[in-house]
$ cat model13.pdb   # PDB, C-alpha atoms
MODEL        1
ATOM      1  CA  MET H 238      12.901  19.608  34.176
ATOM      2  CA  ALA H 239       9.903  21.928  33.926
ATOM      3  CA  ILE H 240      10.574  25.621  34.168
ATOM      4  CA  SER H 241       9.723  27.465  37.387
ATOM      5  CA  ASN H 242       6.434  26.806  39.102
ATOM      6  CA  ASP H 243       6.098  30.553  39.634
ATOM      7  CA  LYS H 244       3.240  31.766  37.428
ATOM      8  CA  GLU H 245       4.829  35.204  37.136
ATOM      9  CA  ILE H 246       7.877  33.675  35.450
ATOM     10  CA  LEU H 247       5.637  31.580  33.192
ATOM     11  CA  VAL H 248       3.694  34.673  32.165
ATOM     12  CA  GLU H 249       6.941  36.476  31.274
ATOM     13  CA  ARG H 250       8.084  33.495  29.221
ATOM     14  CA  ILE H 251       4.776  33.286  27.359
ATOM     15  CA  LYS H 252       4.937  36.982  26.494
ATOM     16  CA  GLU H 253       8.530  36.587  25.312
ATOM     17  CA  LEU H 254       7.789  33.611  23.047
ATOM     18  CA  VAL H 255       4.309  34.274  21.642
ATOM     19  CA  GLY H 256       3.489  37.848  22.664
ATOM     20  CA  TRP H 257       0.425  36.953  24.746
ATOM     21  CA  ASN H 258      -0.483  39.036  27.811
ATOM     22  CA  VAL H 259      -1.679  36.454  30.322
ATOM     23  CA  ASN H 260      -3.211  37.174  33.720
ATOM     24  CA  PRO H 261      -1.215  35.056  36.228
ATOM     25  CA  ALA H 262      -4.332  34.527  38.317
ATOM     26  CA  ARG H 263      -6.067  32.854  35.365
ATOM     27  CA  LEU H 264      -3.157  30.741  34.194
ATOM     28  CA  LYS H 265      -3.970  27.044  34.584
ATOM     29  CA  ILE H 266      -1.252  24.408  34.824
ATOM     30  CA  HIS H 267      -2.327  20.827  34.126
ATOM     31  CA  ILE H 268      -0.119  18.185  35.700
ATOM     32  CA  ASP H 269      -2.719  15.450  35.082
ATOM     33  CA  THR H 270      -3.968  15.218  31.467
ATOM     34  CA  THR H 271      -6.479  12.418  32.062
ATOM     35  CA  ASP H 272      -9.440  14.801  31.689
ATOM     36  CA  TRP H 273      -8.182  16.417  28.486
ATOM     37  CA  MET H 274     -11.534  18.121  27.818
ATOM     38  CA  ARG H 275     -10.631  20.591  30.594
ATOM     39  CA  ILE H 276      -7.502  21.748  28.746
ATOM     40  CA  VAL H 277      -8.049  24.872  26.631
ATOM     41  CA  ARG H 278      -6.112  27.524  24.746
ATOM     42  CA  GLY H 279      -3.814  29.482  27.055
ATOM     43  CA  ASP H 280      -3.383  26.637  29.562
ATOM     44  CA  ILE H 281      -0.068  24.940  30.286
ATOM     45  CA  ILE H 282       0.460  21.194  30.122
ATOM     46  CA  ARG H 283       3.222  20.290  32.569
ATOM     47  CA  LEU H 284       5.004  17.012  31.837
ATOM     48  CA  SER H 285       8.122  15.312  33.131
ATOM     49  CA  CYS H 286      10.083  16.848  30.238
ATOM     50  CA  GLY H 287       8.834  20.428  30.404
ATOM     51  CA  ASP H 288       5.992  22.892  30.084
ATOM     52  CA  TYR H 289       3.884  23.305  26.940
ATOM     53  CA  LEU H 290       1.645  26.294  26.214
ATOM     54  CA  VAL H 291      -1.599  25.211  24.549
ATOM     55  CA  LYS H 292      -2.511  27.174  21.409
ATOM     56  CA  GLY H 293      -5.566  25.101  20.495
ATOM     57  CA  ASN H 294      -6.795  21.711  19.351
ATOM     58  CA  MET H 295      -5.467  20.007  16.249
ATOM     59  CA  ARG H 296      -8.000  19.289  13.532
ATOM     60  CA  GLU H 297      -8.194  16.753  10.750
ATOM     61  CA  PRO H 298     -10.264  16.581   7.566
ATOM     62  CA  ARG H 299     -13.082  14.080   7.332
ATOM     63  CA  PHE H 300     -14.314  13.308   3.853
ATOM     64  CA  GLY H 301     -17.180  15.547   2.791
ATOM     65  CA  ILE H 302     -17.419  17.635   5.977
ATOM     66  CA  ASP H 303     -15.460  20.369   7.711
ATOM     67  CA  ASP H 304     -12.260  19.665   9.605
ATOM     68  CA  GLN H 305     -13.030  17.948  12.899
ATOM     69  CA  PRO H 306     -11.280  18.927  16.150
ATOM     70  CA  LYS H 307      -9.256  16.262  17.943
ATOM     71  CA  TYR H 308      -9.972  17.310  21.501
ATOM     72  CA  TRP H 309      -7.226  15.135  22.983
ATOM     73  CA  VAL H 310      -4.513  16.516  20.658
ATOM     74  CA  PHE H 311      -3.098  19.993  21.138
ATOM     75  CA  SER H 312      -1.081  22.488  19.148
ATOM     76  CA  ALA H 313       1.473  23.773  21.639
ATOM     77  CA  VAL H 314       4.651  25.753  22.187
ATOM     78  CA  ASP H 315       7.584  24.272  24.070
ATOM     79  CA  LEU H 316       8.341  26.919  26.709
ATOM     80  CA  ARG H 317      11.985  25.863  26.812
ATOM     81  CA  ASP H 318      12.873  26.873  23.268
ATOM     82  CA  GLY H 319       9.695  28.196  21.606
ATOM     83  CA  SER H 320       9.446  25.321  19.119
ATOM     84  CA  GLU H 321       6.064  24.191  17.785
ATOM     85  CA  LYS H 322       4.891  20.857  19.113
ATOM     86  CA  ILE H 323       1.881  18.595  18.952
ATOM     87  CA  VAL H 324       0.927  17.190  22.360
ATOM     88  CA  LYS H 325      -1.140  13.994  22.203
ATOM     89  CA  THR H 326      -2.830  13.030  25.452
ATOM     90  CA  VAL H 327      -4.182   9.542  26.151
ATOM     91  CA  PHE H 328      -7.476   8.723  24.454
ATOM     92  CA  HIS H 329      -8.843   5.165  24.509
ATOM     93  CA  GLU H 330     -11.137   4.874  21.487
ATOM     94  CA  GLU H 331     -12.504   1.700  19.929
ATOM     95  CA  PHE H 332     -14.504   1.193  16.742
ATOM     96  CA  TYR H 333     -14.937  -1.282  13.882
ATOM     97  CA  ALA H 334     -13.875  -0.984  10.238
ATOM     98  CA  HIS H 335     -14.857  -3.222   7.327
ATOM     99  CA  ILE H 336     -12.894  -4.738   4.463
ATOM    100  CA  GLY H 337     -15.380  -6.629   2.320
ATOM    101  CA  ILE H 338     -17.170  -9.001   4.675
ATOM    102  CA  LEU H 339     -14.500  -8.685   7.378
ATOM    103  CA  ARG H 340     -15.322  -6.673  10.499
ATOM    104  CA  ILE H 341     -12.126  -5.421  12.101
ATOM    105  CA  ARG H 342     -11.720  -4.035  15.595
ATOM    106  CA  CYS H 343      -9.653  -0.826  15.766
ATOM    107  CA  TYR H 344      -8.432   0.631  19.040
ATOM    108  CA  ARG H 345      -5.986   3.297  20.200
ATOM    109  CA  ASN H 346      -2.771   2.348  21.977
ATOM    110  CA  PRO H 347      -0.634   5.342  23.048
ATOM    111  CA  VAL H 348       2.135   3.092  24.378
ATOM    112  CA  LYS H 349       2.518   1.467  20.957
ATOM    113  CA  GLU H 350       2.839   4.913  19.357
ATOM    114  CA  GLY H 351       5.603   5.756  21.814
ATOM    115  CA  GLU H 352       7.459   2.557  20.902
ATOM    116  CA  VAL H 353       7.141   3.366  17.205
ATOM    117  CA  LEU H 354       8.528   6.854  17.828
ATOM    118  CA  LYS H 355      11.586   5.273  19.473
ATOM    119  CA  LEU H 356      12.055   2.914  16.538
ATOM    120  CA  VAL H 357      11.848   5.616  13.845
ATOM    121  CA  LYS H 358      13.951   8.259  15.585
ATOM    122  CA  GLY H 359      16.039  10.019  12.919
ATOM    123  CA  ASP H 360      14.089   8.485  10.016
ATOM    124  CA  ASN H 361      12.607  11.365   8.034
ATOM    125  CA  ARG H 362       9.891   9.166   6.527
ATOM    126  CA  PHE H 363       8.096   9.451   9.880
ATOM    127  CA  MET H 364       7.056  12.166  12.295
ATOM    128  CA  GLN H 365       9.503  12.615  15.176
ATOM    129  CA  GLY H 366       8.727  12.759  18.870
ATOM    130  CA  PHE H 367       8.886  11.051  22.244
ATOM    131  CA  VAL H 368       6.772   9.987  25.216
ATOM    132  CA  CYS H 369       6.626  12.289  28.212
ATOM    133  CA  ASN H 370       4.612  11.317  31.306
ATOM    134  CA  ASP H 371       2.315  13.456  33.403
ATOM    135  CA  THR H 372       1.949  12.989  37.176
ATOM    136  CA  MET H 373      -0.565  10.156  36.650
ATOM    137  CA  GLY H 374       1.809   8.246  34.385
ATOM    138  CA  ASN H 375      -0.178   8.929  31.203
ATOM    139  CA  ALA H 376       1.943   8.278  28.113
ATOM    140  CA  VAL H 377       1.660  11.722  26.521
ATOM    141  CA  ARG H 378       3.397  12.000  23.151
ATOM    142  CA  VAL H 379       5.240  15.214  22.276
ATOM    143  CA  VAL H 380       5.692  15.425  18.514
ATOM    144  CA  ASP H 381       7.558  17.891  16.296
ATOM    145  CA  PHE H 382       5.201  19.931  14.138
ATOM    146  CA  ILE H 383       5.723  19.269  10.412
ATOM    147  CA  LYS H 384       5.093  22.210   8.114
ATOM    148  CA  GLY H 385       3.330  21.137   4.951
ATOM    149  CA  LYS H 386       0.098  19.802   3.533
ATOM    150  CA  SER H 387      -1.389  16.367   3.884
ATOM    151  CA  PHE H 388      -1.362  14.118   0.819
ATOM    152  CA  PHE H 389      -5.156  14.442   0.916
ATOM    153  CA  GLN H 390      -4.824  18.215   0.442
ATOM    154  CA  TYR H 391      -1.757  18.153  -1.806
ATOM    155  CA  ILE H 392      -3.080  16.105  -4.741
ATOM    156  CA  PRO H 393      -6.190  18.216  -5.540
ATOM    157  CA  LEU H 394      -4.041  21.363  -5.544
ATOM    158  CA  ILE H 395      -2.357  20.173  -8.750
ATOM    159  CA  GLU H 396      -4.476  22.177 -11.204
ATOM    160  CA  LYS H 397      -4.236  20.056 -14.321
ATOM    161  CA  SER H 398      -6.456  17.697 -16.246
ATOM    162  CA  HIS H 399      -6.158  14.096 -15.148
ATOM    163  CA  GLU H 400      -4.254  13.170 -18.295
ATOM    164  CA  GLU H 401      -1.746  16.012 -17.860
ATOM    165  CA  TYR H 402      -1.349  15.080 -14.192
ATOM    166  CA  PHE H 403      -0.915  11.411 -15.079
ATOM    167  CA  TYR H 404       2.015  12.004 -17.426
ATOM    168  CA  GLU H 405       3.624  15.044 -15.779
ATOM    169  CA  ASP H 406       3.206  14.548 -12.024
ATOM    170  CA  LEU H 407       2.089  11.042 -11.153
ATOM    171  CA  PRO H 408       5.368   9.221 -11.994
ATOM    172  CA  ASN H 409       7.313  11.207  -9.410
ATOM    173  CA  ILE H 410       4.475  10.855  -6.878
ATOM    174  CA  LEU H 411       4.447   7.083  -7.342
ATOM    175  CA  TRP H 412       8.188   6.846  -6.724
ATOM    176  CA  LYS H 413       7.861   8.916  -3.577
ATOM    177  CA  LEU H 414       5.020   6.696  -2.417
ATOM    178  CA  ARG H 415       7.311   3.705  -2.861
ATOM    179  CA  GLU H 416       9.526   5.132  -0.117
ATOM    180  CA  SER H 417       6.438   5.628   2.042
ATOM    181  CA  PHE H 418       5.367   2.018   1.478
ATOM    182  CA  LEU H 419       8.893   0.819   2.259
ATOM    183  CA  ALA H 420       8.613   2.739   5.534
ATOM    184  CA  ILE H 421       5.512   0.690   6.380
ATOM    185  CA  GLN H 422       7.412  -2.483   5.510
ATOM    186  CA  PHE H 423      10.131  -1.350   7.933
ATOM    187  CA  LEU H 424       7.518  -1.133  10.706
ATOM    188  CA  HIS H 425       6.207  -4.603   9.879
ATOM    189  CA  GLU H 426       9.702  -6.069   9.886
ATOM    190  CA  ASN H 427      10.042  -4.738  13.427
ATOM    191  CA  ARG H 428       6.690  -6.222  14.474
ATOM    192  CA  PHE H 429       4.780  -2.958  14.448
ATOM    193  CA  CYS H 430       2.006  -1.630  12.257
ATOM    194  CA  HIS H 431       1.005   1.887  11.356
ATOM    195  CA  GLY H 432      -2.648   1.144  12.009
ATOM    196  CA  ASP H 433      -4.155   4.301  10.557
ATOM    197  CA  ILE H 434      -2.861   4.656   6.986
ATOM    198  CA  ARG H 435      -4.885   7.400   5.326
ATOM    199  CA  ASN H 436      -4.330  10.113   2.755
ATOM    200  CA  ASP H 437      -4.300  12.761   5.477
ATOM    201  CA  HIS H 438      -1.694  10.834   7.480
ATOM    202  CA  ILE H 439       1.070  11.505   4.979
ATOM    203  CA  ILE H 440       2.413  15.040   5.252
ATOM    204  CA  VAL H 441       4.185  16.463   2.202
ATOM    205  CA  GLU H 442       6.788  18.559   3.981
ATOM    206  CA  SER H 443       7.242  22.138   2.810
ATOM    207  CA  GLY H 444      10.639  22.872   1.338
ATOM    208  CA  THR H 445      11.871  19.292   1.092
ATOM    209  CA  GLY H 446       8.833  17.646  -0.521
ATOM    210  CA  THR H 447       9.464  14.624   1.717
ATOM    211  CA  TYR H 448       6.477  12.377   2.399
ATOM    212  CA  ARG H 449       6.225  11.767   6.145
ATOM    213  CA  TRP H 450       3.904   9.412   8.019
ATOM    214  CA  ILE H 451       2.084  10.694  11.109
ATOM    215  CA  ASP H 452      -0.184   9.204  13.803
ATOM    216  CA  PHE H 453       0.709   5.672  14.899
ATOM    217  CA  ASP H 454      -1.545   5.122  17.918
ATOM    218  CA  LEU H 455      -4.260   3.086  16.195
ATOM    219  CA  MET H 456      -4.076  -0.721  16.164
ATOM    220  CA  GLN H 457      -5.915  -3.731  14.783
ATOM    221  CA  ASP H 458      -5.530  -7.420  15.478
ATOM    222  CA  VAL H 459      -5.081  -8.195  11.776
ATOM    223  CA  SER H 460      -1.849  -7.353   9.971
ATOM    224  CA  ASP H 461      -3.555  -6.911   6.580
ATOM    225  CA  PHE H 462      -5.196  -3.629   7.615
ATOM    226  CA  ASP H 463      -2.066  -1.659   6.685
ATOM    227  CA  LEU H 464      -1.796  -3.525   3.402
ATOM    228  CA  TRP H 465      -5.347  -2.772   2.289
ATOM    229  CA  SER H 466      -4.933   0.828   3.428
ATOM    230  CA  CYS H 467      -1.898   1.183   1.139
ATOM    231  CA  GLY H 468      -4.252   0.300  -1.707
ATOM    232  CA  ASN H 469      -6.406   3.295  -0.781
ATOM    233  CA  ILE H 470      -3.372   5.600  -0.912
ATOM    234  CA  LEU H 471      -2.377   4.308  -4.338
ATOM    235  CA  SER H 472      -5.920   4.657  -5.683
ATOM    236  CA  TYR H 473      -6.115   8.262  -4.460
ATOM    237  CA  ALA H 474      -2.834   9.098  -6.207
ATOM    238  CA  VAL H 475      -3.716   7.433  -9.494
ATOM    239  CA  ALA H 476      -7.248   8.876  -9.629
ATOM    240  CA  LYS H 477      -6.057  12.369  -8.625
ATOM    241  CA  GLY H 478      -8.432  12.287  -5.702
ATOM    242  CA  LEU H 479     -11.488  10.239  -4.769
ATOM    243  CA  LYS H 480     -13.524   8.761  -7.596
ATOM    244  CA  THR H 481     -16.911   7.509  -6.428
ATOM    245  CA  PHE H 482     -19.642   5.749  -8.379
ATOM    246  CA  ASP H 483     -22.076   8.530  -7.537
ATOM    247  CA  GLN H 484     -19.686  11.221  -8.735
ATOM    248  CA  VAL H 485     -19.004   9.452 -12.039
ATOM    249  CA  LEU H 486     -22.578   8.386 -12.782
ATOM    250  CA  LYS H 487     -24.114  11.791 -12.038
ATOM    251  CA  GLY H 488     -21.335  13.904 -13.556
ATOM    252  CA  SER H 489     -20.538  14.906 -17.130
ATOM    253  CA  GLU H 490     -16.815  14.057 -17.132
ATOM    254  CA  PHE H 491     -17.293  10.530 -18.463
ATOM    255  CA  SER H 492     -19.266   9.130 -21.413
ATOM    256  CA  ASP H 493     -22.371   6.979 -21.110
ATOM    257  CA  LYS H 494     -20.286   4.063 -22.402
ATOM    258  CA  VAL H 495     -17.884   4.413 -19.473
ATOM    259  CA  LYS H 496     -20.741   4.735 -16.994
ATOM    260  CA  LEU H 497     -22.476   1.621 -18.346
ATOM    261  CA  SER H 498     -19.226  -0.354 -18.108
ATOM    262  CA  LEU H 499     -18.983   0.050 -14.337
ATOM    263  CA  THR H 500     -20.005  -2.847 -12.124
ATOM    264  CA  ALA H 501     -20.052  -3.561  -8.402
ATOM    265  CA  GLU H 502     -16.879  -5.600  -8.824
ATOM    266  CA  ASP H 503     -14.970  -2.429  -9.776
ATOM    267  CA  ALA H 504     -15.421  -1.114  -6.232
ATOM    268  CA  SER H 505     -12.866  -0.860  -3.460
ATOM    269  CA  ALA H 506     -13.179  -3.587  -0.843
ATOM    270  CA  PHE H 507     -12.485  -0.975   1.828
ATOM    271  CA  TYR H 508     -14.979   1.638   0.593
ATOM    272  CA  ASN H 509     -17.514   0.104  -1.762
ATOM    273  CA  TYR H 510     -18.668   3.516  -3.012
ATOM    274  CA  ARG H 511     -15.211   4.241  -4.493
ATOM    275  CA  ILE H 512     -14.046   3.007  -7.892
ATOM    276  CA  MET H 513     -10.814   1.002  -7.757
ATOM    277  CA  ASN H 514     -10.760  -0.275 -11.350
ATOM    278  CA  LEU H 515      -9.590   3.097 -12.629
ATOM    279  CA  LYS H 516      -8.584   1.955 -16.110
ATOM    280  CA  LYS H 517     -12.274   1.979 -16.989
ATOM    281  CA  LEU H 518     -12.226   5.729 -16.375
ATOM    282  CA  TYR H 519      -8.772   6.486 -17.741
ATOM    283  CA  PRO H 520      -7.765   3.995 -20.477
ATOM    284  CA  TYR H 521      -4.187   5.330 -20.610
ATOM    285  CA  ILE H 522      -3.458   3.847 -17.165
ATOM    286  CA  PRO H 523      -0.938   1.015 -17.807
ATOM    287  CA  ILE H 524      -2.183  -2.527 -17.282
ATOM    288  CA  LYS H 525       0.569  -3.295 -14.744
ATOM    289  CA  LEU H 526      -0.491  -0.360 -12.585
ATOM    290  CA  ASN H 527      -4.199  -1.118 -12.854
ATOM    291  CA  ASN H 528      -3.608  -4.777 -12.020
ATOM    292  CA  ILE H 529      -2.148  -3.696  -8.693
ATOM    293  CA  LEU H 530      -5.309  -1.697  -8.011
ATOM    294  CA  LEU H 531      -7.422  -4.730  -8.895
ATOM    295  CA  HIS H 532      -5.885  -6.565  -5.920
ATOM    296  CA  PHE H 533      -7.897  -4.204  -3.691
ATOM    297  CA  THR H 534     -11.353  -4.616  -5.249
ATOM    298  CA  ILE H 535     -14.326  -6.411  -3.718
ATOM    299  CA  LYS H 536     -13.493  -9.465  -5.856
ATOM    300  CA  PRO H 537      -9.743  -9.148  -6.413
ATOM    301  CA  ILE H 538      -7.879 -10.963  -9.161
ATOM    302  CA  GLU H 539      -5.722 -12.280  -6.309
ATOM    303  CA  TYR H 540      -4.635 -11.214  -2.840
ATOM    304  CA  TYR H 541      -1.290  -9.849  -1.706
ATOM    305  CA  GLY H 542       0.047 -11.912   1.169
ATOM    306  CA  SER H 543       1.988  -9.074   2.800
ATOM    307  CA  VAL H 544       3.121  -5.473   2.424
ATOM    308  CA  LYS H 545       6.455  -6.828   1.192
ATOM    309  CA  GLU H 546       4.770  -8.767  -1.619
ATOM    310  CA  PHE H 547       2.768  -5.669  -2.581
ATOM    311  CA  ILE H 548       5.934  -3.541  -2.694
ATOM    312  CA  GLU H 549       7.774  -6.088  -4.823
ATOM    313  CA  ASP H 550       4.967  -5.992  -7.387
ATOM    314  CA  TYR H 551       4.736  -2.200  -7.107
ATOM    315  CA  SER H 552       8.503  -1.729  -7.585
ATOM    316  CA  GLU H 553       8.527  -3.996 -10.637
ATOM    317  CA  MET H 554       5.666  -1.968 -12.107
ATOM    318  CA  LEU H 555       7.531   1.316 -11.505
ATOM    319  CA  GLU H 556      10.735   0.106 -13.108
ATOM    320  CA  ALA H 557       8.819  -1.148 -16.138
ATOM    321  CA  THR H 558       6.380   1.736 -16.522
ATOM    322  CA  PHE H 559       7.976   4.882 -15.055
ATOM    323  CA  PRO H 560      11.757   4.221 -15.093
ATOM    324  CA  MET H 561      12.916   7.733 -16.003
ATOM    325  CA  VAL H 562      12.080   9.346 -12.655
ATOM    326  CA  ALA H 563      13.524   6.648 -10.394
ATOM    327  CA  THR H 564      16.797   8.349  -9.389
ATOM    328  CA  ASP H 565      15.439  11.828  -8.636
ATOM    329  CA  SER H 566      12.542  10.565  -6.569
ATOM    330  CA  LYS H 567      14.601   8.183  -4.470
ATOM    331  CA  GLU H 568      17.048  10.933  -3.614
ATOM    332  CA  SER H 569      14.377  13.479  -2.721
ATOM    333  CA  ASN H 570      12.445  11.222  -0.349
ATOM    334  CA  GLY H 571      15.058   8.834   1.022
ATOM    335  CA  SER H 572      15.182   7.582   4.582
ATOM    336  CA  ALA H 573      17.669   8.915   7.066
ATOM    337  CA  LYS H 574      18.349   5.373   8.235
TER     338      LYS H 574
ENDMDL
END
$ encode --input "model13.pdb" --output "structure tokens"
Amino acid sequence: MAISNDKEILVERIKELVGWNVNPARLKIHIDTTDWMRIVRGDIIRLSCGDYLVKGNMREPRFGIDDQPKYWVFSAVDLRDGSEKIVKTVFHEEFYAHIGILRIRCYRNPVKEGEVLKLVKGDNRFMQGFVCNDTMGNAVRVVDFIKGKSFFQYIPLIEKSHEEYFYEDLPNILWKLRESFLAIQFLHENRFCHGDIRNDHIIVESGTGTYRWIDFDLMQDVSDFDLWSCGNILSYAVAKGLKTFDQVLKGSEFSDKVKLSLTAEDASAFYNYRIMNLKKLYPYIPIKLNNILLHFTIKPIEYYGSVKEFIEDYSEMLEATFPMVATDSKESNGSAK
């Protein structure tokens, strides 16, 4: 049940929880979230499960430019207990992505995200939340806020040379990513996909160091989209960030011999400006690890048939190449299921 409809009581509750002095006459309560552009900081979103005070819009990084606001997603406070929440209203977006010559339709499905949230309840590899309807029946998702940094932010903060990072940090990161990939396999085994696997959609939780997937509302009509996206995550981890042809060819980090060795076939099939054949840049990368990356190039040595097949190859590589960190990493990022 929502708390009292009386704005005076709402104003008192807001002051108690966040210390804001709100004019009752200006307090807006939204019972229909269809027109989410009208919802602003200081408003209340009223759902079937309670009232949520809007603190602002959530933002996400886009490569090479400032963080972009997600106008349909709100940082909010649950007025029942003061907990931080993310409130995701319904947004029907459609666009196309490309893997090599394939053109893939991507579209948002809030109902699917709600079903995934039910499936992964209690599994700490995933964000936690539930669907709560507004008066128009919109499937609004209310999600627990996870304190931490995205994987996209986390990796560059490791202030070491690539070689130091490779030997000192990457083994543990790769084992933790195995748990994240197994989480995607769990979704596939239950006939779901993630749909939007990106480096900023893994949150490295503060305190625990657990890697947690967020944002499940995107869909495609091809199951391989998740698989190829896992290749992007692995490449980002191994390279210690994004390694583009332009960056390498114009920079001073690599020798002319390395630069001349690069060809179009070393590129990622997903993003042809990124280098996937990373052993050409860092010769100490083990062959078994680099061979996995080569499955995700424009002209791969061979294709993985499923996420499960990828994980089997990945797990074999870890056991053979980085066996000493297996136990610690599994314990620190295990599933609650």
$ resolve_selection --input "model13.pdb" --expression "the PyMOL selection byres ((chain H and resi 376) around 10)" --output "list in words"
Thr270, Leu284, Lys325, Thr326, Val327, Asn346, Pro347, Val348, Lys349, Glu350, Gly351, Phe367, Val368, Cys369, Asn370, Asp371, Met373, Gly374, Asn375, Val377, Arg378 and Val379 of chain H
$ closest_residue --input "model13.pdb" --among "H:Leu290, H:Leu530, H:Ile451, H:Cys430" --to "H:Ile512" --atoms "only C-alpha atoms"
H:Leu530
$ residues_around --input "model13.pdb" --residues "H:Arg296" --least-positions-apart "4" --cutoff "8 Å" --atoms "only C-alpha atoms" --output "PyMOL selection string"
chain H and resi 304-307
$ atom_distance --input "model13.pdb" --atom1 "atom CA of H:Asn427" --atom2 "atom CA of H:Glu549"
18.4 Å
$ resolve_selection --input "model13.pdb" --expression "the PyMOL selection byres ((chain H and resi 391-398) around 12)" --output "mmCIF file with C-alpha atoms, in the frame of the given file"
data_model
loop_
_atom_site.group_PDB
_atom_site.id
_atom_site.type_symbol
_atom_site.label_atom_id
_atom_site.label_comp_id
_atom_site.auth_asym_id
_atom_site.auth_seq_id
_atom_site.Cartn_x
_atom_site.Cartn_y
_atom_site.Cartn_z
ATOM 1 C CA GLY H 385 3.330 21.137 4.951
ATOM 2 C CA LYS H 386 0.098 19.802 3.533
ATOM 3 C CA SER H 387 -1.389 16.367 3.884
ATOM 4 C CA PHE H 388 -1.362 14.118 0.819
ATOM 5 C CA PHE H 389 -5.156 14.442 0.916
ATOM 6 C CA GLN H 390 -4.824 18.215 0.442
ATOM 7 C CA HIS H 399 -6.158 14.096 -15.148
ATOM 8 C CA GLU H 400 -4.254 13.170 -18.295
ATOM 9 C CA GLU H 401 -1.746 16.012 -17.860
ATOM 10 C CA TYR H 402 -1.349 15.080 -14.192
ATOM 11 C CA PHE H 403 -0.915 11.411 -15.079
ATOM 12 C CA TYR H 404 2.015 12.004 -17.426
ATOM 13 C CA GLU H 405 3.624 15.044 -15.779
ATOM 14 C CA ASP H 406 3.206 14.548 -12.024
ATOM 15 C CA LEU H 407 2.089 11.042 -11.153
ATOM 16 C CA ILE H 410 4.475 10.855 -6.878
ATOM 17 C CA ASN H 436 -4.330 10.113 2.755
ATOM 18 C CA ASP H 437 -4.300 12.761 5.477
ATOM 19 C CA HIS H 438 -1.694 10.834 7.480
ATOM 20 C CA ILE H 439 1.070 11.505 4.979
ATOM 21 C CA ILE H 440 2.413 15.040 5.252
ATOM 22 C CA VAL H 441 4.185 16.463 2.202
ATOM 23 C CA GLU H 442 6.788 18.559 3.981
ATOM 24 C CA SER H 443 7.242 22.138 2.810
ATOM 25 C CA GLY H 446 8.833 17.646 -0.521
ATOM 26 C CA TYR H 448 6.477 12.377 2.399
ATOM 27 C CA ILE H 470 -3.372 5.600 -0.912
ATOM 28 C CA LEU H 471 -2.377 4.308 -4.338
ATOM 29 C CA SER H 472 -5.920 4.657 -5.683
ATOM 30 C CA TYR H 473 -6.115 8.262 -4.460
ATOM 31 C CA ALA H 474 -2.834 9.098 -6.207
ATOM 32 C CA VAL H 475 -3.716 7.433 -9.494
ATOM 33 C CA ALA H 476 -7.248 8.876 -9.629
ATOM 34 C CA LYS H 477 -6.057 12.369 -8.625
ATOM 35 C CA GLY H 478 -8.432 12.287 -5.702
ATOM 36 C CA LEU H 479 -11.488 10.239 -4.769
ATOM 37 C CA GLU H 490 -16.815 14.057 -17.132
ATOM 38 C CA TYR H 519 -8.772 6.486 -17.741
#
$ atom_distance --input "model13.pdb" --atom1 "atom CA of H:Met295" --atom2 "atom CA of H:Ser466"
23.1 Å
$ resolve_selection --input "model13.pdb" --expression "the PyMOL selection byres ((chain H and resi 504) around 9)" --output "list in words"
Thr481, Phe482, Leu499, Thr500, Ala501, Glu502, Asp503, Ser505, Ala506, Phe507, Tyr508, Asn509, Tyr510, Arg511, Ile512, Met513, Asn514, Phe533, Thr534, Ile535 and Lys536 of chain H
$ atom_distance --input "model13.pdb" --atom1 "atom CA of H:Lys244" --atom2 "atom CA of H:Arg275"
19.1 Å
$ closest_residue --input "model13.pdb" --among "H:Ile266, H:Val310, H:Met456, H:Val255" --to "H:Glu331" --atoms "only C-alpha atoms"
H:Met456
$ residues_near_point --input "model13.pdb" --point "(-13.6, 19.2, 26.6)" --cutoff "12 Å" --atoms "all atoms listed in the file" --output "mmCIF file with C-alpha atoms, in the frame of the given file"
data_model
loop_
_atom_site.group_PDB
_atom_site.id
_atom_site.type_symbol
_atom_site.label_atom_id
_atom_site.label_comp_id
_atom_site.auth_asym_id
_atom_site.auth_seq_id
_atom_site.Cartn_x
_atom_site.Cartn_y
_atom_site.Cartn_z
ATOM 1 C CA THR H 270 -3.968 15.218 31.467
ATOM 2 C CA THR H 271 -6.479 12.418 32.062
ATOM 3 C CA ASP H 272 -9.440 14.801 31.689
ATOM 4 C CA TRP H 273 -8.182 16.417 28.486
ATOM 5 C CA MET H 274 -11.534 18.121 27.818
ATOM 6 C CA ARG H 275 -10.631 20.591 30.594
ATOM 7 C CA ILE H 276 -7.502 21.748 28.746
ATOM 8 C CA VAL H 277 -8.049 24.872 26.631
ATOM 9 C CA ARG H 278 -6.112 27.524 24.746
ATOM 10 C CA GLY H 293 -5.566 25.101 20.495
ATOM 11 C CA ASN H 294 -6.795 21.711 19.351
ATOM 12 C CA PRO H 306 -11.280 18.927 16.150
ATOM 13 C CA LYS H 307 -9.256 16.262 17.943
ATOM 14 C CA TYR H 308 -9.972 17.310 21.501
ATOM 15 C CA TRP H 309 -7.226 15.135 22.983
ATOM 16 C CA VAL H 310 -4.513 16.516 20.658
ATOM 17 C CA PHE H 311 -3.098 19.993 21.138
#
$ residues_around --input "model13.pdb" --residues "H:Ile524" --least-positions-apart "2" --cutoff "12 Å" --atoms "only C-alpha atoms" --output "PyMOL selection string"
chain H and resi 514-517+519-522+526-531+554-555+557-558
$ residues_around --input "model13.pdb" --residues "H:Ile421" --least-positions-apart "5" --cutoff "8 Å" --atoms "all atoms listed in the file" --output "MDAnalysis selection string"
chainID H and resid 430:431 463 544
$ closest_residue --input "model13.pdb" --among "H:Thr372, H:Thr445, H:Trp257, H:Trp465" --to "H:His335" --atoms "only C-alpha atoms"
H:Trp465
